[in-house]
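Asks: Before we start, here is the structure in question, set down as structure tokens.
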Amino acid sequence: MKDLGLINKPMFVVPSSLTAQFGQEIMRFFPTRKVFVTTEQDFEKSRRRLFISRIITGDYDGIVIGHSQFQKIKVSQERQVQFLNDKIAEMQDVLDYAEENDDRISYKQAKALERNYEAQLMKVRDSSQSRTDDFIDFESLGVDMLFVDEAHKYKNVRPLTRLGNVAGIGNTTAQQNIDMEMKIRSIQEEHNYTNVVFATGTPVSNSISEMYTMMNYIQPDVLEDFGMDNFDAWVGAFGIIENSLELNPTGDKYVSRKRFSKFTNLPELMAIYRITTDIAMTEDLDLPVPEEEKIAVKSELTDAQKEYLNLLVERSDKIKSRSVDPTEDNMLKITSEARKLALDMRPLTKKNTPCLTITRCCKSLIE
């Protein structure tokens with residue numbers, strides 16, 4: 001792309017442990033290229049200014065930097081303030097809608113997210129609280145193309161939505177994802193929404209909303225052209241939200257839950273997705289894959305497991321009735337213990353109790 005004059009200074013953001021290997025791979029295929037591979041030492045206090053100066057003044061064909069190092073280079077304070085103010089304004093629309101419709105759950109969730117953005121905004125404005133170098137910002141580096149390897153690291157984003165308490169939608173936003181979005185937008189705005197490449201083998205894994213997150217990173221202009229520049233419009237076109245009965249974490253009863261369960265209009269969704277995406281399936285790669293045989297091994301609960309399960313149910317009821325402090329007991333803790341309970345009681349009781357599950361699995365392997 002550089003030979004064609006399409007880009008001038010590309011930056012490759014890869015896992016921190018793979019920067020040297022990634023740089024070597026570039027040199028193996030393009031031995032005459034000038035590549036700058038960053039290291040942890042470049043971010044030591046005594047070398048940071050030299051490191052930044054090399055990026056700005058050097059005529060590099062590629063800059064390889066680790067995820068953690070990349071996050072230490074901030075965008076300008078003006079861009080951060082504008083970005084966070086825009087998010088807060090969008091959250092206010094969600095709050096107004098929730099208040100008008102007496103949706104307490106949506107209001108509570110939106111308010112918590114708004115407070116989070118406001119706290120970040122205060123931190124940005126107070127430069128004395130910043131622990132990273134602010135003598136130069138990302139926009140001043142001259143980087144005009146961004147390649148992000150293992151991009152699924154940045155898909156943990158809670159979309160701004162009026163849907164309220166719906167399972168299947170991401171419910172947290174990591175700071176590194178906000179930082180990535182700001183840097184992506186700075187490049188896209190200068191290059192007509194191009195020059196950003198994400199590489200990942202798992203664009204969607206934990207929640208269906210991750211599909212929207214990845215599309216919003218790479219093709220916000222395309223979504224806007226189709227009238228889906230916000231999550232609710234996108235869900236209305238491609239998502240199905242259903243009410244269903246699901247087992248609670250302790251497995252003793254069913255509860256009614258609203259869930260973003262599946263996609264609809266899938267051909268149209270994939271047509272939009274493929275405008276900016278190249279998908280390689282397993283059959284396209286022709287990689288050697290070992291054969292496997294899945295065997296379901298059933299085992300009955302022991303008396304000790306039944307007793308502990310009843311205890312988890314009681315604890316769950318106390319949490320739901322808010323009669324226990326979340327710092328003492330919570331659903332995350334119960335879910336974790338329930339998983340251990342299903343496999344082996346020993347991590348919970350520290351007693352040498354027999355474990356039918358592991359024993360039967362071992363016997364099935366021997367047989």
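For the structure tokens, the naming scheme is as follows: chains receive sequential letters (A, B, ...) according to their order of presentation, residues are indexed from 1 within each chain, and ligands are indexed from 1 in presentation order.
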Set the distance at 7 Å and use only C-alpha atoms: which residues neighbour range 219-223 of chain A once local chain neighbours fewer than 5 positions away are removed? I'd like the list as a list in words.
Replies: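 Residues meeting the cut-off are Tyr193, Met228, Asp229 and Thr276 of chain A.
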Asks: Would you save the residues from that selection as a JSON list (two decimals), in the first residue's frame, using C-alpha atoms?
Replies:
```json
[["chain", "number", "residue", "atom", "x", "y", "z"],
["A", 193, "TYR", "CA", -13.27, 6.23, 6.96],
["A", 228, "MET", "CA", -28.23, 2.20, 11.63],
["A", 229, "ASP", "CA", -25.71, 4.50, 13.28],
["A", 276, "THR", "CA", -15.45, -3.98, 4.69]]
```
Asks: How would you write, as a ChimeraX atom specification, the set of residues in range 164-323 of chain A that DSSP gives as alpha helix (DSSP H)?
Replies: /A:175-190,209-218,220-225,231-238,266-273,282-285,303-320
Asks: Emit the selected residues as an mmCIF file, in the first residue's frame, including C-alpha atoms.
Replies:
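result_12.cif, written as the output of this step:
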```
data_model
loop_
_atom_site.group_PDB
_atom_site.id
_atom_site.type_symbol
_atom_site.label_atom_id
_atom_site.label_comp_id
_atom_site.auth_asym_id
_atom_site.auth_seq_id
_atom_site.Cartn_x
_atom_site.Cartn_y
_atom_site.Cartn_z
ATOM 1 C CA GLN A 175 -11.061 1.972 29.106
ATOM 2 C CA GLN A 176 -8.788 0.488 26.454
ATOM 3 C CA ASN A 177 -11.780 0.189 24.111
ATOM 4 C CA ILE A 178 -12.659 3.864 24.518
ATOM 5 C CA ASP A 179 -9.032 4.712 23.800
ATOM 6 C CA MET A 180 -9.045 2.518 20.687
ATOM 7 C CA GLU A 181 -12.250 4.054 19.344
ATOM 8 C CA MET A 182 -10.870 7.579 19.684
ATOM 9 C CA LYS A 183 -7.691 6.652 17.801
ATOM 10 C CA ILE A 184 -9.639 4.885 15.088
ATOM 11 C CA ARG A 185 -11.890 7.902 14.608
ATOM 12 C CA SER A 186 -8.884 10.229 14.377
ATOM 13 C CA ILE A 187 -7.544 8.209 11.429
ATOM 14 C CA GLN A 188 -10.914 7.629 9.772
ATOM 15 C CA GLU A 189 -11.793 11.311 9.841
ATOM 16 C CA GLU A 190 -8.588 12.135 7.984
ATOM 17 C CA SER A 209 -23.948 -7.145 20.403
ATOM 18 C CA GLU A 210 -20.250 -7.687 19.676
ATOM 19 C CA MET A 211 -21.190 -7.872 15.999
ATOM 20 C CA TYR A 212 -22.410 -4.283 16.153
ATOM 21 C CA THR A 213 -19.311 -3.231 18.093
ATOM 22 C CA MET A 214 -16.959 -4.552 15.413
ATOM 23 C CA MET A 215 -19.023 -2.989 12.622
ATOM 24 C CA ASN A 216 -19.130 0.334 14.454
ATOM 25 C CA TYR A 217 -15.344 0.333 14.775
ATOM 26 C CA ILE A 218 -14.631 -0.310 11.098
ATOM 27 C CA PRO A 220 -19.490 3.701 11.001
ATOM 28 C CA ASP A 221 -20.054 5.524 7.712
ATOM 29 C CA VAL A 222 -21.697 2.450 6.179
ATOM 30 C CA LEU A 223 -23.993 2.029 9.182
ATOM 31 C CA GLU A 224 -24.946 5.692 8.954
ATOM 32 C CA ASP A 225 -25.752 5.349 5.244
ATOM 33 C CA PHE A 231 -27.436 0.225 18.392
ATOM 34 C CA ASP A 232 -31.226 0.272 18.780
ATOM 35 C CA ALA A 233 -31.751 0.845 15.046
ATOM 36 C CA TRP A 234 -29.305 -1.966 14.274
ATOM 37 C CA VAL A 235 -31.089 -4.347 16.659
ATOM 38 C CA GLY A 236 -34.435 -3.424 15.141
ATOM 39 C CA ALA A 237 -33.164 -4.498 11.733
ATOM 40 C CA PHE A 238 -31.073 -7.554 12.570
ATOM 41 C CA LEU A 266 -28.986 -12.457 8.099
ATOM 42 C CA PRO A 267 -28.260 -12.209 4.333
ATOM 43 C CA GLU A 268 -28.715 -8.437 4.471
ATOM 44 C CA LEU A 269 -26.578 -8.188 7.611
ATOM 45 C CA MET A 270 -23.753 -10.182 6.048
ATOM 46 C CA ALA A 271 -23.976 -8.148 2.850
ATOM 47 C CA ILE A 272 -23.325 -4.981 4.866
ATOM 48 C CA TYR A 273 -20.675 -6.679 6.996
ATOM 49 C CA THR A 282 -11.972 -23.242 8.170
ATOM 50 C CA GLU A 283 -12.413 -24.884 4.777
ATOM 51 C CA ASP A 284 -10.717 -21.907 3.114
ATOM 52 C CA LEU A 285 -7.620 -22.205 5.304
ATOM 53 C CA ASP A 303 -25.215 -36.284 48.955
ATOM 54 C CA ALA A 304 -22.499 -33.711 49.628
ATOM 55 C CA GLN A 305 -23.179 -32.006 46.296
ATOM 56 C CA LYS A 306 -26.926 -31.907 46.944
ATOM 57 C CA GLU A 307 -26.365 -30.396 50.371
ATOM 58 C CA TYR A 308 -24.042 -27.716 49.020
ATOM 59 C CA LEU A 309 -26.426 -26.975 46.140
ATOM 60 C CA ASN A 310 -29.238 -26.304 48.611
ATOM 61 C CA LEU A 311 -26.901 -23.922 50.420
ATOM 62 C CA LEU A 312 -26.248 -22.060 47.164
ATOM 63 C CA VAL A 313 -29.997 -21.738 46.590
ATOM 64 C CA GLU A 314 -30.465 -20.212 50.042
ATOM 65 C CA ARG A 315 -27.610 -17.773 49.449
ATOM 66 C CA SER A 316 -29.080 -16.840 46.070
ATOM 67 C CA ASP A 317 -32.447 -16.025 47.640
ATOM 68 C CA LYS A 318 -30.758 -13.802 50.236
ATOM 69 C CA ILE A 319 -28.904 -11.908 47.514
ATOM 70 C CA LYS A 320 -32.104 -11.341 45.536
#
```
Asks: Nearest to Gly164 in chain A: which of A:Leu95, A:Met145, A:Ile295, A:Met122 is it, counting only C-alpha atoms?
Replies: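 Result for the nearest residue to Gly164 in chain A: A:Leu95.
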Asks: Can you pull out the residues contacting Glu337 in chain A? Cut-off 10 Å, using only C-alpha atoms, and skip same-chain residues under 3 positions away; I want them as a list in words.
Replies: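 Here the qualifying residues turn out to be Thr250, Tyr308, Leu309, Leu312, Met331, Leu332, Lys333, Ile334, Lys340, Leu341, Ala342, Met345, Pro347 and Leu348 of chain A.
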Asks: Closest to Thr264 in chain A among A:Val94, A:Leu301, A:Ile240, A:Leu121, using only C-alpha atoms?
Replies: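 Of A:Val94, A:Leu301, A:Ile240, A:Leu121, the one nearest Thr264 in chain A, counting only C-alpha atoms, is A:Ile240.
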Asks: Go through range 202-311 of chain A and collect every residue that DSSP, computed from the backbone, puts in strand (DSSP E or B); the answer should be as an MDAnalysis selection string.
Replies: chainID A and resid 239:247 254:263
Asks: Just the residues within 12 Å of Ile56 in chain A, please, counting only C-alpha atoms, with nothing from its chain fewer than 3 positions along; format it as a PDB file with N, CA and C atoms, in the first residue's frame.
Replies:
```pdb
ATOM      1  N   ASN A   8       1.399   6.209   4.259  1.00  0.00           N
ATOM      2  CA  ASN A   8       2.759   6.701   4.449  1.00  0.00           C
ATOM      3  C   ASN A   8       3.442   6.071   5.663  1.00  0.00           C
ATOM      4  N   LYS A   9       2.718   6.002   6.792  1.00  0.00           N
ATOM      5  CA  LYS A   9       3.327   5.490   8.020  1.00  0.00           C
ATOM      6  C   LYS A   9       2.331   4.577   8.745  1.00  0.00           C
ATOM      7  N   PHE A  36      10.262  -0.349  12.508  1.00  0.00           N
ATOM      8  CA  PHE A  36      10.594   0.024  13.883  1.00  0.00           C
ATOM      9  C   PHE A  36       9.754  -0.838  14.822  1.00  0.00           C
ATOM     10  N   ARG A  49      10.811  10.188  25.322  1.00  0.00           N
ATOM     11  CA  ARG A  49      10.879  11.291  24.362  1.00  0.00           C
ATOM     12  C   ARG A  49      11.654  10.879  23.105  1.00  0.00           C
ATOM     13  N   LEU A  50      12.716  10.118  23.292  1.00  0.00           N
ATOM     14  CA  LEU A  50      13.481   9.624  22.149  1.00  0.00           C
ATOM     15  C   LEU A  50      12.623   8.702  21.295  1.00  0.00           C
ATOM     16  N   PHE A  51      11.853   7.857  21.957  1.00  0.00           N
ATOM     17  CA  PHE A  51      10.978   6.922  21.250  1.00  0.00           C
ATOM     18  C   PHE A  51       9.948   7.666  20.395  1.00  0.00           C
ATOM     19  N   ILE A  52       9.284   8.644  20.991  1.00  0.00           N
ATOM     20  CA  ILE A  52       8.278   9.412  20.258  1.00  0.00           C
ATOM     21  C   ILE A  52       8.922  10.184  19.110  1.00  0.00           C
ATOM     22  N   SER A  53      10.101  10.741  19.357  1.00  0.00           N
ATOM     23  CA  SER A  53      10.795  11.504  18.318  1.00  0.00           C
ATOM     24  C   SER A  53      11.153  10.620  17.128  1.00  0.00           C
ATOM     25  N   ASP A  59      11.399   7.780   8.760  1.00  0.00           N
ATOM     26  CA  ASP A  59      10.663   7.380   7.557  1.00  0.00           C
ATOM     27  C   ASP A  59      10.511   5.859   7.565  1.00  0.00           C
ATOM     28  N   TYR A  60       9.639   5.377   8.434  1.00  0.00           N
ATOM     29  CA  TYR A  60       9.481   3.937   8.608  1.00  0.00           C
ATOM     30  C   TYR A  60       8.395   3.387   7.686  1.00  0.00           C
ATOM     31  N   ILE A  63       5.548   0.452  11.849  1.00  0.00           N
ATOM     32  CA  ILE A  63       5.853   0.570  13.273  1.00  0.00           C
ATOM     33  C   ILE A  63       5.069  -0.516  13.994  1.00  0.00           C
ATOM     34  N   ILE A 136       3.142  14.656  23.787  1.00  0.00           N
ATOM     35  CA  ILE A 136       2.802  14.466  22.383  1.00  0.00           C
ATOM     36  C   ILE A 136       1.553  13.606  22.324  1.00  0.00           C
ATOM     37  N   ASP A 137       0.711  13.844  21.334  1.00  0.00           N
ATOM     38  CA  ASP A 137      -0.509  13.055  21.236  1.00  0.00           C
ATOM     39  C   ASP A 137      -0.466  12.172  19.994  1.00  0.00           C
ATOM     40  N   PHE A 138      -1.389  11.246  19.935  1.00  0.00           N
ATOM     41  CA  PHE A 138      -1.404  10.246  18.869  1.00  0.00           C
ATOM     42  C   PHE A 138      -1.518  10.890  17.492  1.00  0.00           C
ATOM     43  N   GLU A 139      -2.336  11.917  17.377  1.00  0.00           N
ATOM     44  CA  GLU A 139      -2.546  12.549  16.081  1.00  0.00           C
ATOM     45  C   GLU A 139      -1.270  13.157  15.509  1.00  0.00           C
ATOM     46  N   SER A 140      -0.322  13.520  16.381  1.00  0.00           N
ATOM     47  CA  SER A 140       0.902  14.186  15.934  1.00  0.00           C
ATOM     48  C   SER A 140       1.989  13.214  15.484  1.00  0.00           C
ATOM     49  N   LEU A 141       1.756  11.920  15.627  1.00  0.00           N
ATOM     50  CA  LEU A 141       2.782  10.940  15.269  1.00  0.00           C
ATOM     51  C   LEU A 141       2.932  10.777  13.763  1.00  0.00           C
ATOM     52  N   GLY A 142       1.926  11.175  13.013  1.00  0.00           N
ATOM     53  CA  GLY A 142       1.983  11.001  11.568  1.00  0.00           C
ATOM     54  C   GLY A 142       1.508   9.641  11.103  1.00  0.00           C
ATOM     55  N   VAL A 143       0.960   8.845  12.008  1.00  0.00           N
ATOM     56  CA  VAL A 143       0.441   7.525  11.640  1.00  0.00           C
ATOM     57  C   VAL A 143      -0.836   7.706  10.826  1.00  0.00           C
ATOM     58  N   ASP A 144      -0.873   7.091   9.642  1.00  0.00           N
ATOM     59  CA  ASP A 144      -2.050   7.251   8.786  1.00  0.00           C
ATOM     60  C   ASP A 144      -2.714   5.925   8.439  1.00  0.00           C
TER      61      ASP A 144
END
```
Asks: Compile the contact shell of His152 in chain A as a ChimeraX atom specification: residues with an atom at most 8 Å away, counting only C-alpha atoms, same-chain residues fewer than 2 positions apart removed.
Replies: /A:150,154-155,200-204
Asks: What would the file look like if the residues just selected were written as a short mmCIF file (atom, residue, chain, number, x, y, z; two decimals), in the first residue's frame with N, CA and C atoms?
Replies:
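Ended up saving to result_19.cif:
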```cif
data_model
loop_
_atom_site.label_atom_id
_atom_site.label_comp_id
_atom_site.auth_asym_id
_atom_site.auth_seq_id
_atom_site.Cartn_x
_atom_site.Cartn_y
_atom_site.Cartn_z
N GLU A 150 -5.39 -9.42 16.74
CA GLU A 150 -6.16 -9.89 17.90
C GLU A 150 -7.15 -8.80 18.34
N TYR A 154 -10.71 -5.77 21.88
CA TYR A 154 -11.35 -4.46 22.03
C TYR A 154 -12.86 -4.51 21.77
N LYS A 155 -13.46 -5.67 21.84
CA LYS A 155 -14.90 -5.76 21.53
C LYS A 155 -15.78 -5.70 22.77
N THR A 200 -8.90 -10.70 13.45
CA THR A 200 -9.31 -11.52 14.59
C THR A 200 -9.96 -12.81 14.09
N GLY A 201 -9.84 -13.83 14.90
CA GLY A 201 -10.51 -15.09 14.59
C GLY A 201 -11.83 -15.24 15.30
N THR A 202 -12.12 -14.33 16.24
CA THR A 202 -13.37 -14.42 17.01
C THR A 202 -14.01 -13.04 17.13
N PRO A 203 -14.58 -12.52 16.05
CA PRO A 203 -15.24 -11.21 16.14
C PRO A 203 -16.47 -11.23 17.03
N VAL A 204 -17.10 -12.40 17.17
CA VAL A 204 -18.26 -12.55 18.05
C VAL A 204 -18.07 -13.82 18.87
#
```
